[in-house]
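Data block below; observations after.
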Number of protein chains: 2
Amino acid sequence: MDTSVICPRFETAISLLSQRWTGLIIYQLLSGPQRFSHLTEIIGISGRLLSERLKNLEAEGLVTRTVYPETPVRIEYALTEKGFSLKPVMDEIQNWSQIWVEPTETRNV
Amino acid sequence: MDTSVICPRFETAISLLSQRWTGLIIYQLLSGPQRFSHLTEIIGISGRLLSERLKNLEAEGLVTRTVYPETPVRIEYALTEKGFSLKPVMDEIQNWSQIWVEPTETRNV
DNA sequence: TCCCTTTAGTTACTTTATGTAACAAATTAT
DNA sequence: ATAATTTGTTACATAAAGTAACTAAAGGGA
């Protein structure tokens, strides 16, 4: 019957990346620690969802949150080792997109 | 200001993979052409959504649909070259999951 | 012929996730 | 005390996903 099941670890990993915005947030943080407002602007995500996603990523151990008590307060989000180790995944998605995604078919809204 | 924008091709690619089930469907089809009912069982997706996703993947040129007029009818879904070339992405997700996902934390429902 | 079986979907409806925009907390310079 | 800035949160509208019953097609047997 070949009813072998999908690898549970893979399933967990891809369910993480299948959550909307999560991949983009990680990709963006690969270029270094960034603050909340910068992420909302560059990704195009609302504060509500960015907040929710970052909390989730922090809980999963992929991202850290650091408070700098300046004026006004600065809060930076950065990848942990676990988060940064998703770089090869992002690199492969990048590679694939360069080959298979038409420059014209971007923004299909 | 460093308000450089995220690569549009990357954004298109990851929005595809960010759609729920899509990654799992492609991953599963990497092991060869499979029929509708087999995919629903092994992935744990409803007929409604599998149908919707497969139509979408077909429209994107990632998957083909082949009808075998037997009794009862057999319909097989297979990856195109474009779809199969996502293998390196899936391999990297697999790698990451082997290192960073606890065997115990699977199925966090 | 008519009904049964099997695979491959679809339809109608409920529940969950996401989008939007106005509002609140914290901090400190004026 | 007031205003200004960043980092969120709350309340509500819209879109996507989950569920389960139903339909389409097509051969096989009574």
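Chain identifiers are assigned as A, B, and so on, following the order in which chains appear in the structure tokens; residues are numbered from 1 within each chain, and ligands are numbered from 1 in order of appearance.
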Secondary structure check, helix (DSSP H, G or I) residues of chain B, as a ChimeraX atom specification: /B:8-17,22-29,36-43,47-59,81-84,87-100,103-105
Residues of chain D within 12 Å of chain A, counting only C-alpha atoms (C1' of nucleotides), as a ChimeraX atom specification: /D:4-10,16
Can you write just those residues out, N, CA, C and O atoms (P, O5', C5', C4', C3', O3' and C1' of nucleotides), as a PDB file, in the first residue's frame?
```
ATOM      1  P    DA D   4       4.086  67.502  19.212  1.00  0.00           P
ATOM      2  O5'  DA D   4       5.489  66.802  18.924  1.00  0.00           O
ATOM      3  C5'  DA D   4       6.499  66.749  19.926  1.00  0.00           C
ATOM      4  C4'  DA D   4       7.357  65.504  19.718  1.00  0.00           C
ATOM      5  C3'  DA D   4       6.952  64.639  18.519  1.00  0.00           C
ATOM      6  O3'  DA D   4       8.130  64.074  17.967  1.00  0.00           O
ATOM      7  C1'  DA D   4       6.744  63.364  20.484  1.00  0.00           C
ATOM      8  P    DT D   5       8.137  63.327  16.517  1.00  0.00           P
ATOM      9  O5'  DT D   5       8.635  61.855  16.849  1.00  0.00           O
ATOM     10  C5'  DT D   5       9.852  61.659  17.573  1.00  0.00           C
ATOM     11  C4'  DT D   5       9.891  60.248  18.114  1.00  0.00           C
ATOM     12  C3'  DT D   5       9.411  59.190  17.113  1.00  0.00           C
ATOM     13  O3'  DT D   5      10.486  58.322  16.801  1.00  0.00           O
ATOM     14  C1'  DT D   5       8.468  58.844  19.267  1.00  0.00           C
ATOM     15  P    DT D   6      10.372  57.155  15.681  1.00  0.00           P
ATOM     16  O5'  DT D   6      10.168  55.845  16.576  1.00  0.00           O
ATOM     17  C5'  DT D   6      11.183  55.491  17.507  1.00  0.00           C
ATOM     18  C4'  DT D   6      10.667  54.380  18.402  1.00  0.00           C
ATOM     19  C3'  DT D   6      10.222  53.127  17.646  1.00  0.00           C
ATOM     20  O3'  DT D   6      10.884  52.000  18.210  1.00  0.00           O
ATOM     21  C1'  DT D   6       8.528  53.841  19.158  1.00  0.00           C
ATOM     22  P    DT D   7      10.762  50.528  17.592  1.00  0.00           P
ATOM     23  O5'  DT D   7       9.618  49.923  18.534  1.00  0.00           O
ATOM     24  C5'  DT D   7       9.837  49.861  19.938  1.00  0.00           C
ATOM     25  C4'  DT D   7       8.603  49.333  20.639  1.00  0.00           C
ATOM     26  C3'  DT D   7       8.012  48.052  20.036  1.00  0.00           C
ATOM     27  O3'  DT D   7       7.701  47.138  21.069  1.00  0.00           O
ATOM     28  C1'  DT D   7       6.343  49.675  20.243  1.00  0.00           C
ATOM     29  P    DG D   8       7.677  45.546  20.785  1.00  0.00           P
ATOM     30  O5'  DG D   8       6.471  45.435  19.737  1.00  0.00           O
ATOM     31  C5'  DG D   8       5.295  44.744  20.102  1.00  0.00           C
ATOM     32  C4'  DG D   8       4.320  45.659  20.855  1.00  0.00           C
ATOM     33  C3'  DG D   8       2.916  45.099  20.946  1.00  0.00           C
ATOM     34  O3'  DG D   8       2.756  44.426  22.174  1.00  0.00           O
ATOM     35  C1'  DG D   8       2.963  47.468  20.538  1.00  0.00           C
ATOM     36  P    DT D   9       1.647  43.285  22.274  1.00  0.00           P
ATOM     37  O5'  DT D   9       0.263  44.084  22.362  1.00  0.00           O
ATOM     38  C5'  DT D   9       0.005  44.923  23.478  1.00  0.00           C
ATOM     39  C4'  DT D   9      -1.407  45.492  23.358  1.00  0.00           C
ATOM     40  C3'  DT D   9      -2.495  44.442  23.113  1.00  0.00           C
ATOM     41  O3'  DT D   9      -3.565  44.740  23.976  1.00  0.00           O
ATOM     42  C1'  DT D   9      -2.624  46.127  21.472  1.00  0.00           C
ATOM     43  P    DT D  10      -4.697  43.614  24.275  1.00  0.00           P
ATOM     44  O5'  DT D  10      -6.060  44.407  23.981  1.00  0.00           O
ATOM     45  C5'  DT D  10      -6.013  45.805  23.720  1.00  0.00           C
ATOM     46  C4'  DT D  10      -7.316  46.278  23.076  1.00  0.00           C
ATOM     47  C3'  DT D  10      -8.403  45.237  22.886  1.00  0.00           C
ATOM     48  O3'  DT D  10      -9.658  45.858  23.058  1.00  0.00           O
ATOM     49  C1'  DT D  10      -7.752  46.073  20.768  1.00  0.00           C
ATOM     50  P    DA D  16      -8.084  34.866   0.283  1.00  0.00           P
ATOM     51  O5'  DA D  16      -7.724  33.613   1.199  1.00  0.00           O
ATOM     52  C5'  DA D  16      -6.762  33.749   2.227  1.00  0.00           C
ATOM     53  C4'  DA D  16      -6.914  32.602   3.207  1.00  0.00           C
ATOM     54  C3'  DA D  16      -6.892  31.212   2.560  1.00  0.00           C
ATOM     55  O3'  DA D  16      -5.866  30.479   3.186  1.00  0.00           O
ATOM     56  C1'  DA D  16      -8.707  31.418   4.091  1.00  0.00           C
TER      57       DA D  16
END
```
Non-local contacts of DT30 (chain C) (12 Å; only C-alpha atoms (C1' of nucleotides); under 6 positions in same chain excluded) as a list in words: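 So, after excluding close chain neighbours, the residues are DA1, DT2, DA3 and DA4 of chain D.
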Residues within 12 Å of Arg53 (chain A), only C-alpha atoms (C1' of nucleotides), excluding chain neighbours under 5 positions, as a ChimeraX atom specification: /A:16-17,19-26,36,39-40,45-48,58-60,62-63,77
Distance-based interface of chain B with chain A, 7 Å, counting only C-alpha atoms, as a PyMOL selection string: chain B and resi 3+5+8-10+12-14+17-20+23+42+82+86+88-89+92-94+96-98+100-101+103+106
Please provide as a compact mmCIF listing (two decimals) with C-alpha atoms (C1' of nucleotides), in the first residue's frame all residues within 9 Å of DG18 (chain D), with the sequence filter that same-chain residues fewer than 6 positions apart are discarded (counting only C-alpha atoms (C1' of nucleotides)).
```
# COMPACT_ATOMS: atom_id res chain seq x y z
CA SER B 46 -9.13 17.47 2.83
C1' DT C 14 -18.49 26.63 10.43
C1' DT C 15 -14.25 28.00 12.42
C1' DT C 16 -9.77 30.12 12.28
```
Residues of region 2-109 of chain B in strand (DSSP E or B) according to DSSP, as a PDB file with all heavy atoms, in the first residue's frame?
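File part.pdb, as written:
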```
ATOM      1  N   GLN B  34       1.711  10.556  -8.007  1.00  0.00           N
ATOM      2  CA  GLN B  34       0.775   9.959  -7.063  1.00  0.00           C
ATOM      3  C   GLN B  34      -0.637  10.408  -7.369  1.00  0.00           C
ATOM      4  O   GLN B  34      -0.858  11.459  -7.943  1.00  0.00           O
ATOM      5  CB  GLN B  34       1.155  10.372  -5.634  1.00  0.00           C
ATOM      6  CG  GLN B  34       2.404   9.655  -5.142  1.00  0.00           C
ATOM      7  CD  GLN B  34       3.068  10.349  -3.976  1.00  0.00           C
ATOM      8  OE1 GLN B  34       2.451  10.511  -2.941  1.00  0.00           O
ATOM      9  NE2 GLN B  34       4.304  10.780  -4.147  1.00  0.00           N
ATOM     10  N   ARG B  35      -1.571   9.589  -6.948  1.00  0.00           N
ATOM     11  CA  ARG B  35      -2.961   9.927  -7.222  1.00  0.00           C
ATOM     12  C   ARG B  35      -3.600  10.698  -6.078  1.00  0.00           C
ATOM     13  O   ARG B  35      -3.087  10.743  -4.967  1.00  0.00           O
ATOM     14  CB  ARG B  35      -3.754   8.686  -7.594  1.00  0.00           C
ATOM     15  CG  ARG B  35      -3.653   7.557  -6.625  1.00  0.00           C
ATOM     16  CD  ARG B  35      -3.964   6.250  -7.301  1.00  0.00           C
ATOM     17  NE  ARG B  35      -5.316   6.273  -7.869  1.00  0.00           N
ATOM     18  CZ  ARG B  35      -5.939   5.181  -8.296  1.00  0.00           C
ATOM     19  NH1 ARG B  35      -5.352   4.003  -8.224  1.00  0.00           N
ATOM     20  NH2 ARG B  35      -7.136   5.260  -8.792  1.00  0.00           N
ATOM     21  N   VAL B  63       3.109  21.334 -11.447  1.00  0.00           N
ATOM     22  CA  VAL B  63       2.522  19.995 -11.362  1.00  0.00           C
ATOM     23  C   VAL B  63       1.730  19.705 -12.637  1.00  0.00           C
ATOM     24  O   VAL B  63       1.140  20.611 -13.228  1.00  0.00           O
ATOM     25  CB  VAL B  63       1.595  19.929 -10.121  1.00  0.00           C
ATOM     26  CG1 VAL B  63       0.596  18.800 -10.223  1.00  0.00           C
ATOM     27  CG2 VAL B  63       2.419  19.802  -8.840  1.00  0.00           C
ATOM     28  N   THR B  64       1.748  18.434 -13.054  1.00  0.00           N
ATOM     29  CA  THR B  64       0.891  18.013 -14.173  1.00  0.00           C
ATOM     30  C   THR B  64      -0.167  17.024 -13.675  1.00  0.00           C
ATOM     31  O   THR B  64       0.031  16.339 -12.677  1.00  0.00           O
ATOM     32  CB  THR B  64       1.696  17.309 -15.279  1.00  0.00           C
ATOM     33  OG1 THR B  64       2.391  16.206 -14.695  1.00  0.00           O
ATOM     34  CG2 THR B  64       2.696  18.251 -15.918  1.00  0.00           C
ATOM     35  N   ARG B  65      -1.264  16.974 -14.399  1.00  0.00           N
ATOM     36  CA  ARG B  65      -2.381  16.096 -14.059  1.00  0.00           C
ATOM     37  C   ARG B  65      -2.613  15.177 -15.241  1.00  0.00           C
ATOM     38  O   ARG B  65      -2.838  15.634 -16.363  1.00  0.00           O
ATOM     39  CB  ARG B  65      -3.622  16.952 -13.794  1.00  0.00           C
ATOM     40  CG  ARG B  65      -4.896  16.193 -13.506  1.00  0.00           C
ATOM     41  CD  ARG B  65      -6.035  17.195 -13.298  1.00  0.00           C
ATOM     42  NE  ARG B  65      -7.272  16.560 -12.871  1.00  0.00           N
ATOM     43  CZ  ARG B  65      -8.176  16.069 -13.708  1.00  0.00           C
ATOM     44  NH1 ARG B  65      -7.978  16.107 -15.010  1.00  0.00           N
ATOM     45  NH2 ARG B  65      -9.290  15.522 -13.234  1.00  0.00           N
ATOM     46  N   THR B  66      -2.536  13.865 -14.999  1.00  0.00           N
ATOM     47  CA  THR B  66      -2.717  12.905 -16.078  1.00  0.00           C
ATOM     48  C   THR B  66      -3.852  11.945 -15.760  1.00  0.00           C
ATOM     49  O   THR B  66      -3.889  11.349 -14.690  1.00  0.00           O
ATOM     50  CB  THR B  66      -1.424  12.092 -16.293  1.00  0.00           C
ATOM     51  OG1 THR B  66      -0.321  12.996 -16.412  1.00  0.00           O
ATOM     52  CG2 THR B  66      -1.526  11.258 -17.547  1.00  0.00           C
ATOM     53  N   VAL B  67      -4.776  11.811 -16.728  1.00  0.00           N
ATOM     54  CA  VAL B  67      -5.935  10.939 -16.541  1.00  0.00           C
ATOM     55  C   VAL B  67      -5.671   9.590 -17.190  1.00  0.00           C
ATOM     56  O   VAL B  67      -5.279   9.522 -18.354  1.00  0.00           O
ATOM     57  CB  VAL B  67      -7.193  11.571 -17.178  1.00  0.00           C
ATOM     58  CG1 VAL B  67      -8.402  10.672 -16.983  1.00  0.00           C
ATOM     59  CG2 VAL B  67      -7.444  12.956 -16.608  1.00  0.00           C
ATOM     60  N   TYR B  68      -5.873   8.494 -16.443  1.00  0.00           N
ATOM     61  CA  TYR B  68      -5.800   7.149 -16.993  1.00  0.00           C
ATOM     62  C   TYR B  68      -7.207   6.559 -16.964  1.00  0.00           C
ATOM     63  O   TYR B  68      -7.712   6.222 -15.899  1.00  0.00           O
ATOM     64  CB  TYR B  68      -4.842   6.287 -16.179  1.00  0.00           C
ATOM     65  CG  TYR B  68      -3.416   6.798 -16.230  1.00  0.00           C
ATOM     66  CD1 TYR B  68      -2.955   7.704 -15.284  1.00  0.00           C
ATOM     67  CD2 TYR B  68      -2.546   6.393 -17.233  1.00  0.00           C
ATOM     68  CE1 TYR B  68      -1.655   8.197 -15.328  1.00  0.00           C
ATOM     69  CE2 TYR B  68      -1.240   6.875 -17.291  1.00  0.00           C
ATOM     70  CZ  TYR B  68      -0.804   7.783 -16.338  1.00  0.00           C
ATOM     71  OH  TYR B  68       0.466   8.257 -16.395  1.00  0.00           O
ATOM     72  N   ARG B  74      -8.160   6.559 -12.962  1.00  0.00           N
ATOM     73  CA  ARG B  74      -6.980   6.850 -12.159  1.00  0.00           C
ATOM     74  C   ARG B  74      -6.410   8.169 -12.641  1.00  0.00           C
ATOM     75  O   ARG B  74      -6.240   8.366 -13.847  1.00  0.00           O
ATOM     76  CB  ARG B  74      -5.943   5.736 -12.330  1.00  0.00           C
ATOM     77  CG  ARG B  74      -4.660   5.945 -11.578  1.00  0.00           C
ATOM     78  CD  ARG B  74      -3.854   4.639 -11.518  1.00  0.00           C
ATOM     79  NE  ARG B  74      -3.558   4.119 -12.857  1.00  0.00           N
ATOM     80  CZ  ARG B  74      -2.362   4.265 -13.469  1.00  0.00           C
ATOM     81  NH1 ARG B  74      -1.388   4.892 -12.873  1.00  0.00           N
ATOM     82  NH2 ARG B  74      -2.172   3.758 -14.673  1.00  0.00           N
ATOM     83  N   ILE B  75      -6.163   9.077 -11.717  1.00  0.00           N
ATOM     84  CA  ILE B  75      -5.596  10.365 -12.088  1.00  0.00           C
ATOM     85  C   ILE B  75      -4.325  10.573 -11.304  1.00  0.00           C
ATOM     86  O   ILE B  75      -4.310  10.474 -10.074  1.00  0.00           O
ATOM     87  CB  ILE B  75      -6.609  11.502 -11.829  1.00  0.00           C
ATOM     88  CG1 ILE B  75      -7.772  11.346 -12.810  1.00  0.00           C
ATOM     89  CG2 ILE B  75      -5.954  12.858 -11.991  1.00  0.00           C
ATOM     90  CD1 ILE B  75      -8.927  12.246 -12.558  1.00  0.00           C
ATOM     91  N   GLU B  76      -3.239  10.832 -12.025  1.00  0.00           N
ATOM     92  CA  GLU B  76      -1.958  10.966 -11.342  1.00  0.00           C
ATOM     93  C   GLU B  76      -1.423  12.386 -11.440  1.00  0.00           C
ATOM     94  O   GLU B  76      -1.463  13.011 -12.504  1.00  0.00           O
ATOM     95  CB  GLU B  76      -0.936   9.976 -11.914  1.00  0.00           C
ATOM     96  CG  GLU B  76      -1.160   8.590 -11.369  1.00  0.00           C
ATOM     97  CD  GLU B  76       0.051   7.704 -11.559  1.00  0.00           C
ATOM     98  OE1 GLU B  76       0.925   8.037 -12.385  1.00  0.00           O
ATOM     99  OE2 GLU B  76       0.124   6.669 -10.878  1.00  0.00           O
ATOM    100  N   TYR B  77      -0.901  12.845 -10.313  1.00  0.00           N
ATOM    101  CA  TYR B  77      -0.271  14.154 -10.261  1.00  0.00           C
ATOM    102  C   TYR B  77       1.235  13.956 -10.169  1.00  0.00           C
ATOM    103  O   TYR B  77       1.723  13.110  -9.421  1.00  0.00           O
ATOM    104  CB  TYR B  77      -0.795  14.931  -9.063  1.00  0.00           C
ATOM    105  CG  TYR B  77      -2.240  15.332  -9.237  1.00  0.00           C
ATOM    106  CD1 TYR B  77      -3.267  14.517  -8.785  1.00  0.00           C
ATOM    107  CD2 TYR B  77      -2.567  16.504  -9.906  1.00  0.00           C
ATOM    108  CE1 TYR B  77      -4.598  14.883  -8.975  1.00  0.00           C
ATOM    109  CE2 TYR B  77      -3.890  16.874 -10.098  1.00  0.00           C
ATOM    110  CZ  TYR B  77      -4.894  16.055  -9.633  1.00  0.00           C
ATOM    111  OH  TYR B  77      -6.203  16.408  -9.830  1.00  0.00           O
ATOM    112  N   ALA B  78       1.964  14.748 -10.953  1.00  0.00           N
ATOM    113  CA  ALA B  78       3.427  14.622 -10.972  1.00  0.00           C
ATOM    114  C   ALA B  78       4.057  16.006 -11.048  1.00  0.00           C
ATOM    115  O   ALA B  78       3.426  16.964 -11.501  1.00  0.00           O
ATOM    116  CB  ALA B  78       3.859  13.787 -12.176  1.00  0.00           C
ATOM    117  N   LEU B  79       5.299  16.097 -10.606  1.00  0.00           N
ATOM    118  CA  LEU B  79       6.019  17.361 -10.687  1.00  0.00           C
ATOM    119  C   LEU B  79       6.536  17.604 -12.091  1.00  0.00           C
ATOM    120  O   LEU B  79       6.963  16.676 -12.775  1.00  0.00           O
ATOM    121  CB  LEU B  79       7.202  17.360  -9.716  1.00  0.00           C
ATOM    122  CG  LEU B  79       6.866  17.344  -8.227  1.00  0.00           C
ATOM    123  CD1 LEU B  79       8.154  17.253  -7.410  1.00  0.00           C
ATOM    124  CD2 LEU B  79       6.071  18.576  -7.836  1.00  0.00           C
TER     125      LEU B  79
END
```
Select, as a PDB file with C-alpha atoms (C1' of nucleotides), in the first residue's frame, those residues of chain C with any atom no more than 10 Å from chain B (distances computed using only C-alpha atoms (C1' of nucleotides)).
```pdb
ATOM      1  C1'  DT C   5     -18.881   0.270  -6.293  1.00  0.00           C
ATOM      2  C1'  DT C   6     -14.833   3.150  -6.736  1.00  0.00           C
ATOM      3  C1'  DT C   7     -12.176   7.420  -7.462  1.00  0.00           C
ATOM      4  C1'  DA C   8     -12.218  12.215  -7.908  1.00  0.00           C
ATOM      5  C1'  DG C   9     -13.752  15.880  -6.910  1.00  0.00           C
ATOM      6  C1'  DT C  10     -17.578  19.957  -5.381  1.00  0.00           C
ATOM      7  C1'  DT C  11     -20.907  22.532  -2.439  1.00  0.00           C
TER       8       DT C  11
END
```
